[in-house]
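Okay, protein_26.txt now, which holds compact mmCIF, C-alpha atoms:
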# COMPACT_ATOMS: atom_id res chain seq x y z
CA MET A 1 76.23 106.39 339.53
CA LEU A 2 77.17 108.54 342.50
CA ARG A 3 76.79 107.76 346.19
CA LEU A 4 77.61 109.91 349.21
CA PHE A 5 78.80 108.76 352.60
CA VAL A 6 79.63 111.10 355.47
CA ILE A 7 81.77 110.24 358.56
CA VAL A 8 81.43 112.48 362.12
CA LEU A 9 99.00 126.35 353.37
CA LEU A 10 102.34 126.24 352.00
CA THR A 11 104.73 128.77 353.57
CA SER A 12 108.35 128.44 354.58
CA SER A 13 107.46 128.88 358.24
CA VAL A 14 104.99 125.99 358.12
CA MET A 15 107.33 123.69 356.25
CA SER A 16 110.22 124.40 358.62
CA PHE A 17 108.25 123.57 361.79
CA ASP A 18 108.98 120.14 363.28
CA TYR A 19 105.53 118.63 363.79
CA CYS A 20 107.11 115.60 365.42
CA THR A 21 107.56 117.80 368.50
CA ILE A 22 103.76 117.78 368.81
CA SER A 23 103.40 114.02 368.38
CA ALA A 24 104.94 111.16 366.44
CA GLN A 25 101.40 110.48 365.22
CA ASN A 26 100.90 113.99 363.89
CA THR A 27 99.92 113.86 360.23
CA MET A 28 102.67 116.29 359.20
CA CYS A 29 105.22 114.24 361.14
CA LYS A 30 104.19 110.95 359.52
CA TYR A 31 103.70 112.08 355.92
CA LYS A 32 105.18 114.46 353.37
CA PRO A 33 102.65 116.93 351.95
CA THR A 34 103.96 116.25 348.45
CA SER A 35 103.37 112.48 348.56
CA TYR A 36 100.39 110.12 348.37
CA GLY A 37 99.61 107.06 350.48
CA THR A 38 99.80 103.47 349.30
CA ALA A 39 95.99 103.22 349.46
CA CYS A 40 95.80 105.59 346.49
CA MET A 41 95.94 103.10 343.63
CA ARG A 42 95.69 105.98 341.17
CA THR A 43 95.01 109.67 341.72
CA ILE A 44 92.94 111.87 339.43
CA PRO A 45 93.54 115.62 339.11
CA VAL A 46 90.80 117.56 340.88
CA ASN A 47 90.25 121.31 340.80
CA PHE A 48 90.70 123.08 344.15
CA THR A 49 90.92 126.81 343.63
CA ALA A 50 90.97 130.04 345.60
CA ALA A 51 87.30 130.35 344.70
CA ASP A 52 86.63 127.00 346.39
CA LYS A 53 88.30 128.23 349.56
CA THR A 54 86.22 131.40 349.51
CA LEU A 55 83.08 129.30 348.98
CA ILE A 56 83.90 126.99 351.90
CA VAL A 57 84.38 129.93 354.26
CA SER A 58 81.28 131.70 352.96
CA ILE A 59 78.99 128.69 353.37
CA HIS A 60 80.24 128.05 356.90
CA ASN A 61 79.66 131.65 357.92
CA GLN A 62 76.23 131.73 356.30
CA LEU A 63 75.17 128.65 358.25
CA ARG A 64 76.78 129.84 361.48
CA ARG A 65 75.00 133.17 361.07
CA ARG A 66 71.70 131.35 360.50
CA VAL A 67 72.09 129.58 363.83
CA ALA A 68 73.45 132.63 365.65
CA LYS A 69 70.44 134.72 364.64
CA GLY A 70 68.00 132.04 365.78
CA LEU A 71 66.78 131.35 362.24
CA GLU A 72 67.32 127.58 362.26
CA THR A 73 63.90 126.03 362.83
CA ARG A 74 64.95 122.39 362.66
CA GLY A 75 65.90 120.24 365.62
CA SER A 76 64.61 117.60 368.01
CA PRO A 77 62.74 119.69 368.80
CA GLY A 78 63.48 122.93 366.98
CA PRO A 79 64.13 125.74 366.71
CA GLN A 80 67.78 125.96 367.65
CA PRO A 81 68.63 128.62 370.25
CA ALA A 82 70.33 131.77 368.98
CA ALA A 83 74.05 132.16 369.75
CA ALA A 84 75.52 135.13 371.61
CA ASN A 85 79.22 134.32 371.10
CA MET A 86 79.68 132.62 367.72
CA ARG A 87 82.91 133.59 365.95
CA GLU A 88 83.26 134.37 362.26
CA ILE A 89 85.41 131.79 360.45
CA THR A 90 88.39 132.59 358.21
CA TRP A 91 90.70 130.38 356.14
CA ASP A 92 93.94 129.05 357.62
CA ASP A 93 96.69 127.73 355.33
CA GLU A 94 98.44 125.62 357.94
CA ILE A 95 95.46 123.50 358.96
CA ALA A 96 94.51 123.33 355.26
CA LEU A 97 97.88 121.76 354.47
CA MET A 98 97.30 119.31 357.30
CA ALA A 99 93.89 118.46 355.81
CA GLN A 100 95.31 118.03 352.30
CA THR A 101 98.13 115.82 353.56
CA HIS A 102 95.62 113.59 355.35
CA ALA A 103 93.35 113.45 352.29
CA GLN A 104 96.30 112.28 350.19
CA GLN A 105 96.55 109.09 352.25
CA CYS A 106 93.28 107.98 350.58
CA VAL A 107 91.98 106.35 353.77
CA PHE A 108 88.50 107.39 354.85
CA THR A 109 89.10 107.82 358.56
CA HIS A 110 90.12 110.58 360.94
CA ASP A 111 93.85 111.10 361.42
CA ALA A 112 95.26 110.46 364.88
CA ASP A 113 96.76 113.92 365.46
CA ARG A 114 96.16 117.02 363.36
CA ASN A 115 97.05 119.63 365.96
CA VAL A 116 99.36 122.55 365.21
CA ALA A 117 101.46 124.61 367.59
CA ARG A 118 98.80 127.32 367.78
CA PHE A 119 95.66 125.21 368.12
CA LYS A 120 93.92 121.97 368.92
CA VAL A 121 92.24 121.03 365.65
CA GLY A 122 88.90 119.34 364.93
CA GLN A 123 87.86 117.63 361.71
CA ASN A 124 84.92 116.76 359.44
CA LEU A 125 85.17 114.18 356.66
CA ALA A 126 83.02 113.23 353.67
CA ILE A 127 83.46 110.93 350.70
CA GLN A 128 81.73 110.43 347.37
CA PHE A 129 81.75 107.09 345.53
CA SER A 130 81.22 106.72 341.79
CA THR A 131 81.68 104.36 338.86
CA ARG A 132 83.33 107.21 336.95
CA GLU A 133 86.22 109.57 337.51
CA MET A 134 85.37 112.71 339.50
CA LYS A 135 87.37 115.85 338.77
CA THR A 136 85.09 118.50 340.25
CA ALA A 137 84.21 118.83 343.92
CA ASN A 138 80.77 119.70 345.26
CA TRP A 139 81.70 121.53 348.46
CA THR A 140 78.23 122.99 348.87
CA SER A 141 76.62 119.55 349.01
CA MET A 142 79.24 118.10 351.34
CA ILE A 143 79.08 120.97 353.82
CA GLN A 144 75.28 120.94 353.76
CA SER A 145 75.29 117.20 354.51
CA TRP A 146 77.24 117.89 357.70
CA TYR A 147 74.98 120.76 358.68
CA ASN A 148 71.80 118.74 358.08
CA GLU A 149 72.50 116.81 361.28
CA VAL A 150 70.78 119.78 362.92
CA ALA A 151 67.53 117.90 362.28
CA ILE A 152 68.24 115.65 365.28
CA MET A 153 69.98 118.27 367.42
CA ARG A 154 68.38 118.64 370.85
CA GLN A 155 68.35 122.03 372.52
CA SER A 156 69.90 120.49 375.64
CA TYR A 157 72.99 119.53 373.63
CA VAL A 158 73.76 123.21 373.05
CA THR A 159 74.56 123.75 376.73
CA SER A 160 76.44 120.47 377.18
CA PHE A 161 77.90 118.39 374.34
CA PRO A 162 76.77 114.80 375.10
CA SER A 163 78.84 111.64 375.29
CA SER A 164 76.02 109.57 373.76
CA PRO A 165 73.82 111.75 371.56
CA ALA A 166 70.67 110.36 369.97
CA GLY A 167 72.20 110.08 366.52
CA VAL A 168 75.13 111.63 364.68
CA ILE A 169 75.45 115.35 365.40
CA GLY A 170 79.22 115.87 365.61
CA HIS A 171 79.70 117.30 362.13
CA TYR A 172 77.00 119.89 362.74
CA THR A 173 78.25 120.82 366.20
CA GLN A 174 81.82 121.24 364.95
CA MET A 175 80.52 123.51 362.20
CA VAL A 176 78.72 125.78 364.69
CA TRP A 177 81.07 125.48 367.68
CA ALA A 178 81.24 129.06 368.95
CA THR A 179 84.98 129.33 369.60
CA THR A 180 86.00 127.80 366.26
CA PHE A 181 87.30 130.61 364.04
CA LYS A 182 89.61 128.95 361.50
CA ILE A 183 89.03 126.41 358.76
CA GLY A 184 91.28 124.68 356.23
CA CYS A 185 90.24 121.93 353.84
CA GLY A 186 91.77 119.46 351.41
CA ILE A 187 90.53 117.06 348.76
CA VAL A 188 91.75 114.12 346.70
CA SER A 189 90.20 112.18 343.82
CA TYR A 190 91.45 108.62 343.47
CA TYR A 191 90.82 105.07 342.28
CA ASP A 192 90.61 102.29 344.87
CA THR A 193 89.04 98.83 344.60
CA ASN A 194 89.67 97.77 348.20
CA PHE A 195 87.03 100.03 349.80
CA GLN A 196 83.52 99.89 348.25
CA PRO A 197 84.82 98.09 345.11
CA LYS A 198 81.50 98.52 343.25
CA TYR A 199 82.27 102.25 343.22
CA PRO A 200 86.04 102.43 342.69
CA TYR A 201 86.30 106.18 342.09
CA LYS A 202 86.42 108.25 345.27
CA LEU A 203 86.40 111.94 346.09
CA PHE A 204 87.60 112.41 349.67
CA TYR A 205 86.92 115.70 351.46
CA VAL A 206 88.68 116.79 354.66
CA CYS A 207 88.00 119.99 356.61
CA ASN A 208 90.00 120.91 359.70
CA TYR A 209 88.69 123.37 362.29
CA ALA A 210 90.47 125.46 364.91
CA VAL A 211 90.03 125.71 367.67
CA ALA A 212 88.56 122.23 367.92
CA GLY A 213 85.02 121.71 369.11
CA ASN A 214 82.99 118.78 370.42
CA TYR A 215 84.43 118.69 373.93
CA LEU A 216 82.30 116.55 376.22
CA SER A 217 80.06 118.47 378.62
CA SER A 218 81.14 121.80 377.09
CA PRO A 219 78.66 124.23 375.52
CA VAL A 220 78.45 124.33 371.74
CA TYR A 221 77.75 128.04 372.12
CA LYS A 222 76.25 130.48 374.59
CA SER A 223 72.53 130.90 374.03
CA GLY A 224 71.35 134.48 373.66
CA THR A 225 70.81 137.30 371.22
CA ALA A 226 73.29 137.11 368.35
CA ALA A 227 76.70 138.71 368.93
CA THR A 228 75.87 140.09 372.39
CA ALA A 229 78.66 138.18 374.13
CA CYS A 230 81.55 138.51 371.67
CA PRO A 231 84.92 137.65 373.22
CA SER A 232 87.55 140.39 373.20
CA PRO A 233 88.94 141.64 370.85
CA THR A 234 86.15 140.57 368.47
CA VAL A 235 83.19 142.82 367.68
CA PRO A 236 79.68 142.13 366.37
CA LYS A 237 79.41 141.65 362.60
CA ASP A 238 76.01 140.70 361.23
CA GLY A 239 75.26 138.18 363.95
CA LEU A 240 78.78 136.80 364.34
CA CYS A 241 81.85 137.94 366.29
CA ALA A 242 84.66 139.08 363.99

For the structure just supplied, provide its representation as C-alpha cells.
Amino acid sequence: MLRLFVIVLLTSSVMSFDYCTISAQNTMCKYKPTSYGTACMRTIPVNFTAADKTLIVSIHNQLRRRVAKGLETRGSPGPQPAAANMREITWDDEIALMAQTHAQQCVFTHDADRNVARFKVGQNLAIQFSTREMKTANWTSMIQSWYNEVAIMRQSYVTSFPSSPAGVIGHYTQMVWATTFKIGCGIVSYYDTNFQPKYPYKLFYVCNYAVAGNYLSSPVYKSGTAATACPSPTVPKDGLCA
C-alpha cells in the first residue's frame, strides 16, 4: 500500500566552501554530504540518474511555460494570468547537494538554512509512505502534486503573495515564481517506524529553488503576454525567459 503526503553537485569548489560562514544552522555546515542522520533506521538504495535530473527540469519548465502562456485554466477562480517575466529553469549542482544532504537526515521537515553564497534558496518537500521498500522515484507525480495547488490559487495572489492564503499554495507558487531560475533536488529511501509506523518505508523528496520565492507581498510574476518583460540578459524562448 502506498500513500502520499506533501509538505509546503559535487565539485571541489563546493566542497571547499565553508558554509558555516553563512550560518551555523546551514545544512552543509551541520551535516556531511556523505553521511545519514540518526532518524534513518535503515536506508535503501534508490535510483537517481542524470535522466531524472533532466526530467525534473523539463517538467518544471513545461508547467512554468503553461502558466506563462496563459494556458492554465484552473484557479479560484481561473484562469491564471499569463506571465511576462518567467525565467527558464536549469539544474544547479550546489543546491542539489544541499537538497540531498537534507534528504539524508530522514526528517520530513524543512531545513533551517539552505542558502548558498550565490543565492537565497527556497524548497519544496514531498514524501511517500509504503509497507514495502521503494527503490524507484516518481518525480512526475511528486512535482504534479505541488503544481496542483493551482486549483485554489487566486488571481490576486499573483500580484502579492499573501501571508494567510485560503489553503496551501506555497509549493505551486515556488514552482512558478518568476525570478527562480535554478533547481536542484535530492532523494532518500529509508525505513523508519517512529513516523507513520503503519507505513515504515519512506521515500523523501527534496527540491531546492534559487532564487527563493514566496516573499510576502511580492509578486509571483508580472502579468502580461508571455516573455514580453524578460530581464536582461535573458531573451524570449517559447514563452519563458532564457

Next item on the list: Do a neighbour search on Ile143 (chain A) at 8 Å with all atoms listed in the file, toss out local chain neighbours closer than 4 positions, and write the hits as JSON, numbers by chain.
Entry: {"A": [56, 59, 60, 139, 147]}

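A straight line drawn from CA of Tyr201 (chain A) to CA of Leu55 (chain A) is 24.3 Å long.
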
Checklist line | Residue with smallest distance to Ala212 (chain A) - pool A:Ser164, A:Val150, A:Asn138, A:Val116, counting all atoms listed in the file | finding: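 Nearest candidate to Ala212 (chain A) out of A:Ser164, A:Val150, A:Asn138, A:Val116: A:Val116.
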
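Proximity to Arg66 (chain A) was assessed for A:Pro45, A:Pro233, A:Gly239, A:Gly167 counting only C-alpha atoms; the smallest distance is recorded for A:Gly239.
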
Item checked: Gln62 (chain A) surroundings by only C-alpha atoms, 12 Å radius, close-in-sequence under 2 positions cut, as a VMD selection string -> chain A and resid 55 to 60 64 to 69 71 to 72 86 to 89 140 143 to 144 147 175 to 176 238 to 240

Next item on the list: Identify the residues within 6 Å of coordinate (95.0, 120.0, 362.3) (same frame as the file), considering all atoms listed in the file, and give the answer as number ranges by chain.
Entry: A: 95, 98, 114-116, 121, 208

Next item on the list: For CA of Cys207 (chain A) and CA of Glu94 (chain A), quote the distance in Å rounded to one decimal.
Entry: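 One can read the CA of Cys207 (chain A) to CA of Glu94 (chain A) distance as 11.9 Å.
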
Item checked: Interatomic distance (Å, one decimal) between CA of Thr49 (chain A) and CA of Gln25 (chain A) ->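 Distance reported for this atom pair: 29.0 Å.
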
Item checked: Pick from A:Gly70, A:Ala137, A:Ser35, A:Phe108 nearest to Ala84 (chain A), counting only C-alpha atoms -> A:Gly70

Next item on the list: Within 12 Å of (91.5, 121.7, 339.4) (coordinates as in the file), grab all the protein and nucleic acid residues, counting all atoms listed in the file, and write them out as a PyMOL selection string.
Entry: chain A and resi 44-52+134-137+187-189

Checklist line | Spatial neighbours of Ile127 (chain A), max dist 12 Å, only C-alpha atoms, sep filter under 3 positions, as a PyMOL selection string | finding: chain A and resi 2-8+103+106-109+124+130+134+137-139+141-143+145-146+186-190+195-196+199-207

Sorted per-residue table, region 154-233 of chain A near region 73-82 of chain A, closest atoms and distance, 9 Å, only C-alpha atoms, as CSV:
residue,atom,partner,partner_atom,distance
A:Arg154,CA,A:Ser76,CA,4.8
A:Gln155,CA,A:Gln80,CA,6.3
A:Val158,CA,A:Pro81,CA,8.0
A:Tyr221,CA,A:Ala82,CA,8.9
A:Lys222,CA,A:Ala82,CA,8.3
A:Ser223,CA,A:Ala82,CA,5.6
A:Gly224,CA,A:Ala82,CA,5.5
A:Thr225,CA,A:Ala82,CA,6.0
A:Ala226,CA,A:Ala82,CA,6.1

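Using only C-alpha atoms, the residues found no farther than 8 Å from Ser160 (chain A), other than those of its own chain fewer than 4 positions away, are Ser156, Leu216, Ser217, Ser218, Pro219 and Val220 of chain A.
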